[in-house]
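Below is the file upload00.cif, which contains mmCIF, C-alpha atoms.
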data_protein
loop_
_atom_site.label_atom_id
_atom_site.label_comp_id
_atom_site.auth_asym_id
_atom_site.auth_seq_id
_atom_site.Cartn_x
_atom_site.Cartn_y
_atom_site.Cartn_z
CA MET G 1 -78.70 215.58 181.47
CA SER G 2 -79.17 215.81 185.22
CA ILE G 3 -79.56 212.91 187.66
CA PHE G 4 -83.21 213.89 188.19
CA GLU G 5 -83.92 213.80 184.44
CA SER G 6 -82.18 210.43 184.12
CA ILE G 7 -84.34 209.01 186.93
CA ILE G 8 -87.59 210.20 185.30
CA ILE G 9 -86.62 208.79 181.91
CA ALA G 10 -85.45 205.52 183.52
CA ILE G 11 -88.76 205.14 185.36
CA VAL G 12 -90.59 205.53 182.05
CA GLU G 13 -88.24 202.97 180.47
CA GLY G 14 -88.74 200.46 183.28
CA LEU G 15 -92.53 200.83 183.20
CA THR G 16 -92.86 200.52 179.44
CA GLU G 17 -90.03 198.21 178.26
CA PHE G 18 -92.11 195.05 178.51
CA LEU G 19 -95.53 196.62 177.95
CA PRO G 20 -96.85 196.81 174.36
CA VAL G 21 -96.82 200.62 174.37
CA SER G 22 -93.32 201.42 173.00
CA SER G 23 -90.71 202.24 175.62
CA THR G 24 -88.59 204.11 173.07
CA GLY G 25 -91.56 206.22 172.03
CA HIS G 26 -92.40 207.07 175.63
CA MET G 27 -88.78 207.99 176.41
CA ILE G 28 -88.67 210.29 173.36
CA ILE G 29 -91.85 212.06 174.51
CA THR G 30 -90.62 212.26 178.11
CA GLN G 31 -87.34 213.70 176.91
CA GLY G 32 -89.23 216.36 174.96
CA LEU G 33 -91.47 217.24 177.90
CA LEU G 34 -88.44 217.58 180.18
CA GLY G 35 -86.72 219.78 177.62
CA VAL G 36 -83.68 217.51 177.43
CA GLU G 37 -81.71 218.38 174.30
CA SER G 38 -80.99 215.40 172.06
CA ASP G 39 -77.20 215.15 171.75
CA ASP G 40 -75.05 212.08 171.11
CA PHE G 41 -74.97 211.12 174.79
CA VAL G 42 -78.73 211.44 175.30
CA LYS G 43 -79.41 209.30 172.22
CA ALA G 44 -77.07 206.65 173.60
CA PHE G 45 -78.52 206.96 177.12
CA THR G 46 -82.06 206.04 176.00
CA VAL G 47 -80.69 202.80 174.55
CA ILE G 48 -78.10 201.97 177.21
CA ILE G 49 -80.55 202.15 180.13
CA GLN G 50 -82.63 199.46 178.43
CA PHE G 51 -79.80 197.15 179.51
CA GLY G 52 -80.84 197.72 183.11
CA ALA G 53 -84.43 196.87 182.26
CA ILE G 54 -83.64 193.62 180.47
CA LEU G 55 -81.45 192.45 183.36
CA SER G 56 -84.71 192.11 185.27
CA VAL G 57 -85.60 189.23 182.92
CA VAL G 58 -82.45 187.35 183.89
CA VAL G 59 -83.18 187.90 187.60
CA LEU G 60 -86.90 187.05 187.48
CA TYR G 61 -86.53 184.03 185.17
CA TRP G 62 -83.00 182.94 186.05
CA LYS G 63 -83.94 179.26 186.53
CA ARG G 64 -85.39 179.13 183.03
CA PHE G 65 -82.83 181.41 181.43
CA PHE G 66 -79.77 179.48 182.57
CA ARG G 67 -80.71 176.01 181.44
CA LEU G 68 -79.64 173.23 179.13
CA ASN G 69 -81.85 170.64 177.46
CA THR G 70 -81.57 167.44 179.51
CA GLU G 71 -83.80 165.36 177.24
CA PRO G 72 -82.03 162.72 175.12
CA ALA G 73 -81.09 163.85 171.62
CA PRO G 74 -82.97 162.25 168.68
CA GLU G 75 -81.61 158.84 167.82
CA GLY G 76 -78.96 158.96 165.13
CA ALA G 77 -78.34 162.72 165.53
CA GLY G 78 -74.90 163.93 164.51
CA ALA G 79 -72.50 165.91 166.71
CA LEU G 80 -73.84 169.30 165.56
CA LYS G 81 -77.46 168.32 166.06
CA ARG G 82 -76.67 166.95 169.51
CA LEU G 83 -74.96 170.24 170.39
CA ILE G 84 -77.91 172.29 169.15
CA HIS G 85 -80.28 169.98 171.02
CA LYS G 86 -78.36 170.51 174.26
CA PHE G 87 -78.38 174.30 173.87
CA ASP G 88 -81.88 174.29 172.38
CA PHE G 89 -83.14 177.34 174.32
CA TYR G 90 -80.17 179.52 173.36
CA TRP G 91 -80.25 178.28 169.77
CA LYS G 92 -83.85 179.43 169.38
CA LEU G 93 -82.98 182.79 170.94
CA LEU G 94 -80.20 183.14 168.36
CA VAL G 95 -82.54 182.23 165.50
CA ALA G 96 -85.02 184.87 166.67
CA PHE G 97 -82.30 187.47 167.30
CA VAL G 98 -80.52 187.33 163.91
CA PRO G 99 -83.15 189.16 161.77
CA ALA G 100 -83.16 192.24 164.02
CA ALA G 101 -79.36 192.20 164.25
CA VAL G 102 -79.01 192.23 160.46
CA ILE G 103 -81.67 194.90 159.88
CA GLY G 104 -80.33 196.99 162.76
CA LEU G 105 -76.82 197.05 161.32
CA LEU G 106 -77.95 197.74 157.75
CA PHE G 107 -80.33 200.56 158.62
CA SER G 108 -78.77 202.01 161.78
CA ASP G 109 -78.65 205.58 160.48
CA LYS G 110 -82.24 205.51 159.22
CA ILE G 111 -83.43 204.14 162.57
CA ASP G 112 -81.59 206.92 164.42
CA GLU G 113 -83.24 209.45 162.10
CA MET G 114 -86.72 208.11 162.89
CA LEU G 115 -85.94 208.19 166.61
CA GLU G 116 -85.85 211.98 166.40
CA SER G 117 -89.41 212.22 165.03
CA VAL G 118 -92.15 212.70 167.62
CA THR G 119 -94.69 212.59 164.78
CA VAL G 120 -93.62 209.07 163.81
CA VAL G 121 -93.96 207.96 167.44
CA ALA G 122 -97.44 209.48 167.83
CA VAL G 123 -98.76 208.07 164.55
CA MET G 124 -97.43 204.58 165.27
CA LEU G 125 -98.89 204.67 168.79
CA VAL G 126 -102.32 205.29 167.28
CA VAL G 127 -101.93 202.79 164.43
CA GLY G 128 -100.61 200.13 166.81
CA GLY G 129 -103.39 200.90 169.26
CA VAL G 130 -106.09 200.36 166.65
CA PHE G 131 -104.47 197.06 165.67
CA MET G 132 -104.34 195.93 169.30
CA LEU G 133 -108.08 196.41 169.71
CA PHE G 134 -108.57 193.46 167.37
CA CYS G 135 -105.38 191.38 167.60
CA ASP G 136 -106.68 189.11 170.39
CA LYS G 137 -109.59 188.02 168.19
CA ILE G 138 -107.37 187.70 165.13
CA PHE G 139 -104.45 185.76 166.62
CA ASN G 140 -105.56 184.17 169.88
CA ARG G 141 -108.32 181.90 168.58
CA GLY G 142 -107.56 178.44 169.84
CA SER G 143 -104.05 179.39 170.89
CA ASP G 144 -102.96 176.69 173.30
CA GLU G 145 -99.37 175.98 172.23
CA THR G 146 -96.49 176.54 174.63
CA LYS G 147 -93.76 174.75 172.66
CA LEU G 148 -91.34 176.98 170.78
CA THR G 149 -89.93 175.57 167.53
CA GLU G 150 -87.17 176.98 165.33
CA ARG G 151 -89.78 178.09 162.80
CA ARG G 152 -91.77 179.92 165.44
CA ALA G 153 -88.61 181.55 166.82
CA LEU G 154 -87.66 182.82 163.36
CA TYR G 155 -91.17 184.13 162.76
CA ILE G 156 -91.09 186.05 166.06
CA GLY G 157 -87.66 187.42 165.13
CA LEU G 158 -89.03 188.75 161.85
CA PHE G 159 -91.88 190.43 163.71
CA GLN G 160 -89.33 192.04 166.03
CA CYS G 161 -87.84 193.92 163.06
CA ILE G 162 -91.07 195.92 162.72
CA ALA G 163 -90.41 197.37 166.17
CA MET G 164 -87.42 199.32 164.88
CA ILE G 165 -89.98 201.94 163.86
CA PRO G 166 -90.34 204.14 166.99
CA GLY G 167 -93.79 203.82 168.53
CA VAL G 168 -94.44 200.26 167.34
CA SER G 169 -93.21 198.48 170.52
CA ARG G 170 -90.81 195.54 170.49
CA SER G 171 -92.94 193.82 173.10
CA MET G 172 -96.12 194.12 171.05
CA ALA G 173 -94.45 192.98 167.83
CA THR G 174 -92.84 189.88 169.35
CA ILE G 175 -95.86 188.84 171.43
CA VAL G 176 -98.16 189.18 168.43
CA GLY G 177 -95.60 187.27 166.39
CA GLY G 178 -95.79 184.44 168.91
CA MET G 179 -99.58 184.50 169.01
CA ALA G 180 -99.64 184.37 165.22
CA GLN G 181 -97.77 181.08 165.61
CA LYS G 182 -100.51 179.77 167.93
CA LEU G 183 -98.55 180.31 171.14
CA THR G 184 -100.59 181.26 174.20
CA ARG G 185 -100.37 184.90 175.32
CA LYS G 186 -98.29 183.86 178.34
CA ALA G 187 -95.84 181.74 176.31
CA ALA G 188 -95.50 184.48 173.68
CA ALA G 189 -94.94 187.16 176.34
CA GLU G 190 -92.29 185.16 178.18
CA PHE G 191 -90.33 184.43 175.01
CA SER G 192 -90.59 188.13 174.16
CA PHE G 193 -88.91 188.84 177.52
CA PHE G 194 -86.17 186.29 176.85
CA LEU G 195 -85.56 187.65 173.35
CA ALA G 196 -85.12 191.15 174.81
CA VAL G 197 -81.89 190.00 176.50
CA PRO G 198 -79.69 189.37 173.41
CA THR G 199 -81.47 192.07 171.41
CA MET G 200 -81.02 194.86 173.93
CA CYS G 201 -77.54 193.68 174.97
CA ALA G 202 -76.49 193.99 171.33
CA ALA G 203 -78.18 197.39 170.94
CA THR G 204 -76.60 198.65 174.18
CA GLY G 205 -73.15 197.38 173.22
CA TYR G 206 -73.42 198.93 169.76
CA LYS G 207 -74.53 202.33 171.07
CA PHE G 208 -71.90 202.31 173.82
CA LEU G 209 -69.11 201.43 171.38
CA LYS G 210 -70.33 204.01 168.87
CA LEU G 211 -70.29 206.71 171.56
CA LEU G 212 -66.89 205.56 172.82
CA LEU G 213 -65.33 205.84 169.34
CA GLU G 214 -66.53 209.40 168.83
CA PRO G 215 -64.13 212.32 169.48
CA GLU G 216 -63.88 212.74 173.27
CA GLY G 217 -66.34 209.85 173.61
CA LEU G 218 -64.49 208.34 176.56
CA GLN G 219 -64.57 211.67 178.38
CA ILE G 220 -68.30 212.02 177.69
CA ILE G 221 -68.90 208.61 179.27
CA ILE G 222 -66.73 209.44 182.29
CA ASP G 223 -68.48 212.79 182.80
CA ASN G 224 -71.90 211.10 182.66
CA LEU G 225 -71.04 207.83 184.41
CA ALA G 226 -73.24 208.60 187.42
CA VAL G 227 -76.19 209.34 185.14
CA LEU G 228 -75.73 206.01 183.32
CA ILE G 229 -75.44 204.01 186.54
CA VAL G 230 -78.47 205.63 188.18
CA GLY G 231 -80.51 205.25 184.99
CA ASN G 232 -79.75 201.53 184.69
CA VAL G 233 -80.43 200.80 188.37
CA VAL G 234 -83.77 202.63 188.32
CA ALA G 235 -84.82 200.98 185.03
CA PHE G 236 -83.92 197.55 186.47
CA VAL G 237 -85.99 197.94 189.65
CA VAL G 238 -89.05 199.42 187.94
CA ALA G 239 -88.98 196.87 185.08
CA LEU G 240 -88.80 193.99 187.56
CA LEU G 241 -92.04 195.13 189.18
CA ALA G 242 -93.78 195.99 185.90
CA MET G 243 -92.94 192.68 184.22
CA LYS G 244 -94.45 190.53 186.98
CA TRP G 245 -97.68 192.52 186.78
CA PHE G 246 -97.81 192.51 182.98
CA VAL G 247 -97.74 188.72 182.51
CA ALA G 248 -100.68 188.24 184.87
CA PHE G 249 -102.63 191.12 183.30
CA LEU G 250 -102.01 190.10 179.68
CA THR G 251 -102.90 186.47 180.35
CA LYS G 252 -106.23 187.49 181.87
CA TYR G 253 -107.29 190.53 179.86
CA GLY G 254 -105.32 190.60 176.59
CA PHE G 255 -104.25 193.64 174.57
CA ARG G 256 -107.42 195.75 174.39
CA VAL G 257 -106.65 198.04 177.35
CA PHE G 258 -103.18 198.76 175.99
CA GLY G 259 -104.70 199.49 172.58
CA ILE G 260 -107.04 202.09 174.06
CA TYR G 261 -104.16 203.65 176.00
CA ARG G 262 -102.01 203.88 172.87
CA ILE G 263 -104.76 205.58 170.88
CA ILE G 264 -105.35 208.13 173.65
CA ALA G 265 -101.62 208.78 174.16
CA GLY G 266 -100.86 209.09 170.46
CA GLY G 267 -103.93 211.25 169.83
CA LEU G 268 -103.01 213.55 172.72
CA ILE G 269 -99.48 213.99 171.39
CA LEU G 270 -100.76 214.84 167.91
CA ALA G 271 -103.28 217.29 169.41
CA LEU G 272 -100.57 219.02 171.47
CA MET G 273 -98.35 219.32 168.42
CA ALA G 274 -101.26 220.73 166.40
CA CYS G 275 -101.73 223.35 169.14
CA GLY G 276 -98.12 224.42 168.79
CA VAL G 277 -96.63 222.61 171.80
CA ASN G 278 -93.01 221.78 171.05
CA LEU G 279 -92.25 218.15 171.86
CA THR G 280 -89.29 217.89 169.52
CA VAL G 281 -86.20 216.43 171.15
#

Now that the file is in, can you turn its structure into structure tokens?
Amino acid sequence: MSIFESIIIAIVEGLTEFLPVSSTGHMIITQGLLGVESDDFVKAFTVIIQFGAILSVVVLYWKRFFRLNTEPAPEGAGALKRLIHKFDFYWKLLVAFVPAAVIGLLFSDKIDEMLESVTVVAVMLVVGGVFMLFCDKIFNRGSDETKLTERRALYIGLFQCIAMIPGVSRSMATIVGGMAQKLTRKAAAEFSFFLAVPTMCAATGYKFLKLLLEPEGLQIIIDNLAVLIVGNVVAFVVALLAMKWFVAFLTKYGFRVFGIYRIIAGGLILALMACGVNLTV
């Protein structure tokens, strides 16, 4: 993979990581269009550069991300409950993170197999797009809650597991999961951003370690270090800009526009494949 190819793929990652359009799906398609052969490093690269994108969450929301609960603990609470109360924000992130961590470890090979299928991506873009045309009416009726409970965090975490199918979109799954729990679109979107941090840090660490433990893995990383650094920096900058725009847009307009885009994108990919265009990575 060249520096130029890494920049293009990183731009796509940064633009789509927090939009409900599937960043992984878009990177797979971009990789196919660029003619980048899918080897062990490239597979790892498309996950590792998501680390750069999620760092934008920490930078943009740092005051809210690095915080402890300063409210008094419930009267009569034991030592453990007081500790959980103090680290309430991080505890709820952990509760939401665990389902995806377990499923990801159990079905890692199957997930990697699906990542190689452009057909799966295209079909899920269309299916998800159709769903998004109606999800605002289904889930956002009377949604005025901004408080995140343990139950809501777990529910959102379960929704996140669906996004392991390429083309679904982690952002869409977790935001819809929050809206299904009566959270406002803004509150659901922001928690989706926060949840991306432990989720993508774990995915990045796992992929990096897996690549490192392969024969000559260390040498592969050294040879492609510049590509990894450039990819993460570009993804970080682009994601920072895209995320600020997305919250304002989603709060005002909802999912419908993204649903239409997904249907068009997925339909176009299927049409190109039917015409014999090779998008296989």

When the PyMOL selection byres ((chain G and resi 171-183) around 10) is applied to the structure above, which residues does it catch, written out as a PDB file with C-alpha atoms, keeping the file's coordinate frame?
ATOM      1  CA  THR G  16     -92.860 200.520 179.440  1.00  0.00           C
ATOM      2  CA  GLU G  17     -90.030 198.210 178.260  1.00  0.00           C
ATOM      3  CA  PHE G  18     -92.110 195.050 178.510  1.00  0.00           C
ATOM      4  CA  LEU G  19     -95.530 196.620 177.950  1.00  0.00           C
ATOM      5  CA  PRO G  20     -96.850 196.810 174.360  1.00  0.00           C
ATOM      6  CA  VAL G  21     -96.820 200.620 174.370  1.00  0.00           C
ATOM      7  CA  SER G  22     -93.320 201.420 173.000  1.00  0.00           C
ATOM      8  CA  SER G  23     -90.710 202.240 175.620  1.00  0.00           C
ATOM      9  CA  ALA G  96     -85.020 184.870 166.670  1.00  0.00           C
ATOM     10  CA  GLY G 128    -100.610 200.130 166.810  1.00  0.00           C
ATOM     11  CA  MET G 132    -104.340 195.930 169.300  1.00  0.00           C
ATOM     12  CA  CYS G 135    -105.380 191.380 167.600  1.00  0.00           C
ATOM     13  CA  ASP G 136    -106.680 189.110 170.390  1.00  0.00           C
ATOM     14  CA  ILE G 138    -107.370 187.700 165.130  1.00  0.00           C
ATOM     15  CA  PHE G 139    -104.450 185.760 166.620  1.00  0.00           C
ATOM     16  CA  ASN G 140    -105.560 184.170 169.880  1.00  0.00           C
ATOM     17  CA  ARG G 141    -108.320 181.900 168.580  1.00  0.00           C
ATOM     18  CA  GLY G 142    -107.560 178.440 169.840  1.00  0.00           C
ATOM     19  CA  SER G 143    -104.050 179.390 170.890  1.00  0.00           C
ATOM     20  CA  ASP G 144    -102.960 176.690 173.300  1.00  0.00           C
ATOM     21  CA  GLU G 145     -99.370 175.980 172.230  1.00  0.00           C
ATOM     22  CA  THR G 146     -96.490 176.540 174.630  1.00  0.00           C
ATOM     23  CA  LYS G 147     -93.760 174.750 172.660  1.00  0.00           C
ATOM     24  CA  LEU G 148     -91.340 176.980 170.780  1.00  0.00           C
ATOM     25  CA  THR G 149     -89.930 175.570 167.530  1.00  0.00           C
ATOM     26  CA  ARG G 151     -89.780 178.090 162.800  1.00  0.00           C
ATOM     27  CA  ARG G 152     -91.770 179.920 165.440  1.00  0.00           C
ATOM     28  CA  ALA G 153     -88.610 181.550 166.820  1.00  0.00           C
ATOM     29  CA  LEU G 154     -87.660 182.820 163.360  1.00  0.00           C
ATOM     30  CA  TYR G 155     -91.170 184.130 162.760  1.00  0.00           C
ATOM     31  CA  ILE G 156     -91.090 186.050 166.060  1.00  0.00           C
ATOM     32  CA  GLY G 157     -87.660 187.420 165.130  1.00  0.00           C
ATOM     33  CA  LEU G 158     -89.030 188.750 161.850  1.00  0.00           C
ATOM     34  CA  PHE G 159     -91.880 190.430 163.710  1.00  0.00           C
ATOM     35  CA  GLN G 160     -89.330 192.040 166.030  1.00  0.00           C
ATOM     36  CA  CYS G 161     -87.840 193.920 163.060  1.00  0.00           C
ATOM     37  CA  ILE G 162     -91.070 195.920 162.720  1.00  0.00           C
ATOM     38  CA  ALA G 163     -90.410 197.370 166.170  1.00  0.00           C
ATOM     39  CA  MET G 164     -87.420 199.320 164.880  1.00  0.00           C
ATOM     40  CA  VAL G 168     -94.440 200.260 167.340  1.00  0.00           C
ATOM     41  CA  SER G 169     -93.210 198.480 170.520  1.00  0.00           C
ATOM     42  CA  ARG G 170     -90.810 195.540 170.490  1.00  0.00           C
ATOM     43  CA  THR G 184    -100.590 181.260 174.200  1.00  0.00           C
ATOM     44  CA  ARG G 185    -100.370 184.900 175.320  1.00  0.00           C
ATOM     45  CA  LYS G 186     -98.290 183.860 178.340  1.00  0.00           C
ATOM     46  CA  ALA G 187     -95.840 181.740 176.310  1.00  0.00           C
ATOM     47  CA  ALA G 188     -95.500 184.480 173.680  1.00  0.00           C
ATOM     48  CA  ALA G 189     -94.940 187.160 176.340  1.00  0.00           C
ATOM     49  CA  GLU G 190     -92.290 185.160 178.180  1.00  0.00           C
ATOM     50  CA  PHE G 191     -90.330 184.430 175.010  1.00  0.00           C
ATOM     51  CA  SER G 192     -90.590 188.130 174.160  1.00  0.00           C
ATOM     52  CA  PHE G 193     -88.910 188.840 177.520  1.00  0.00           C
ATOM     53  CA  LEU G 195     -85.560 187.650 173.350  1.00  0.00           C
ATOM     54  CA  ALA G 196     -85.120 191.150 174.810  1.00  0.00           C
ATOM     55  CA  PHE G 255    -104.250 193.640 174.570  1.00  0.00           C
ATOM     56  CA  PHE G 258    -103.180 198.760 175.990  1.00  0.00           C
TER      57      PHE G 258
END

Exercise. Counting all atoms listed in the file, which of G:Ala248, G:Ala10, G:Met114, G:Leu270 gets nearest to G:Phe51?
Worked result: G:Ala10

For this session: For the structure shown, which residues end up in the PyMOL selection byres ((chain G and resi 66) around 12)? Put them as a list in words, please?
Result: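 Evaluating the PyMOL selection byres ((chain G and resi 66) around 12) on this file yields Val57, Val58, Val59, Leu60, Tyr61, Trp62, Lys63, Arg64, Phe65, Arg67, Leu68, Asn69, Phe87, Asp88, Phe89, Tyr90 and Phe194 of chain G.
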
Write the residues you've just listed into a file as a PDB file, in the frame of the given file, and include C-alpha atoms for each of them.
ATOM      1  CA  VAL G  57     -85.600 189.230 182.920  1.00  0.00           C
ATOM      2  CA  VAL G  58     -82.450 187.350 183.890  1.00  0.00           C
ATOM      3  CA  VAL G  59     -83.180 187.900 187.600  1.00  0.00           C
ATOM      4  CA  LEU G  60     -86.900 187.050 187.480  1.00  0.00           C
ATOM      5  CA  TYR G  61     -86.530 184.030 185.170  1.00  0.00           C
ATOM      6  CA  TRP G  62     -83.000 182.940 186.050  1.00  0.00           C
ATOM      7  CA  LYS G  63     -83.940 179.260 186.530  1.00  0.00           C
ATOM      8  CA  ARG G  64     -85.390 179.130 183.030  1.00  0.00           C
ATOM      9  CA  PHE G  65     -82.830 181.410 181.430  1.00  0.00           C
ATOM     10  CA  ARG G  67     -80.710 176.010 181.440  1.00  0.00           C
ATOM     11  CA  LEU G  68     -79.640 173.230 179.130  1.00  0.00           C
ATOM     12  CA  ASN G  69     -81.850 170.640 177.460  1.00  0.00           C
ATOM     13  CA  PHE G  87     -78.380 174.300 173.870  1.00  0.00           C
ATOM     14  CA  ASP G  88     -81.880 174.290 172.380  1.00  0.00           C
ATOM     15  CA  PHE G  89     -83.140 177.340 174.320  1.00  0.00           C
ATOM     16  CA  TYR G  90     -80.170 179.520 173.360  1.00  0.00           C
ATOM     17  CA  PHE G 194     -86.170 186.290 176.850  1.00  0.00           C
TER      18      PHE G 194
END

Problem set entry | the PyMOL selection byres ((chain G and resi 28) around 8) resolved against shown file, as a PyMOL selection string | chain G and resi 24-27+29-32+115-116+118+281

Exercise. Which distance in Å separates atom CA of G:Leu33 and atom CA of G:Ile8, to one decimal?
Worked result: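 Result for atom CA of G:Leu33 versus atom CA of G:Ile8: 10.9 Å, one decimal.
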
Exercise. So how many Å separate atom CA of G:Val95 and atom CA of G:Ala235, to one decimal?
Worked result: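 Distance between the two atoms: 27.2 Å.
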
Only C-alpha atoms, please: stretch 204-231 of chain G from the block, as a short mmCIF file (atom, residue, chain, number, x, y, z; two decimals), in the first residue's frame.
data_model
loop_
_atom_site.label_atom_id
_atom_site.label_comp_id
_atom_site.auth_asym_id
_atom_site.auth_seq_id
_atom_site.Cartn_x
_atom_site.Cartn_y
_atom_site.Cartn_z
CA THR G 204 -7.01 -1.82 17.08
CA GLY G 205 -4.97 -3.45 19.83
CA TYR G 206 -6.21 -6.91 18.86
CA LYS G 207 -5.44 -6.44 15.16
CA PHE G 208 -2.04 -4.91 15.89
CA LEU G 209 -1.08 -7.75 18.24
CA LYS G 210 -2.36 -10.37 15.79
CA LEU G 211 -0.25 -8.85 13.01
CA LEU G 212 2.76 -8.55 15.29
CA LEU G 213 2.62 -12.25 16.24
CA GLU G 214 2.56 -13.41 12.63
CA PRO G 215 5.81 -14.58 10.96
CA GLU G 216 7.82 -11.45 10.13
CA GLY G 217 4.97 -9.39 11.59
CA LEU G 218 7.33 -6.94 13.28
CA GLN G 219 9.16 -6.36 10.01
CA ILE G 220 5.85 -5.79 8.20
CA ILE G 221 4.93 -3.12 10.74
CA ILE G 222 8.35 -1.45 10.47
CA ASP G 223 8.21 -1.46 6.66
CA ASN G 224 4.74 0.13 6.72
CA LEU G 225 5.16 2.41 9.74
CA ALA G 226 4.90 5.60 7.65
CA VAL G 227 1.67 4.36 6.07
CA LEU G 228 0.17 3.64 9.51
CA ILE G 229 1.18 7.02 10.93
CA VAL G 230 -0.10 9.00 7.94
CA GLY G 231 -3.34 7.00 7.89
#
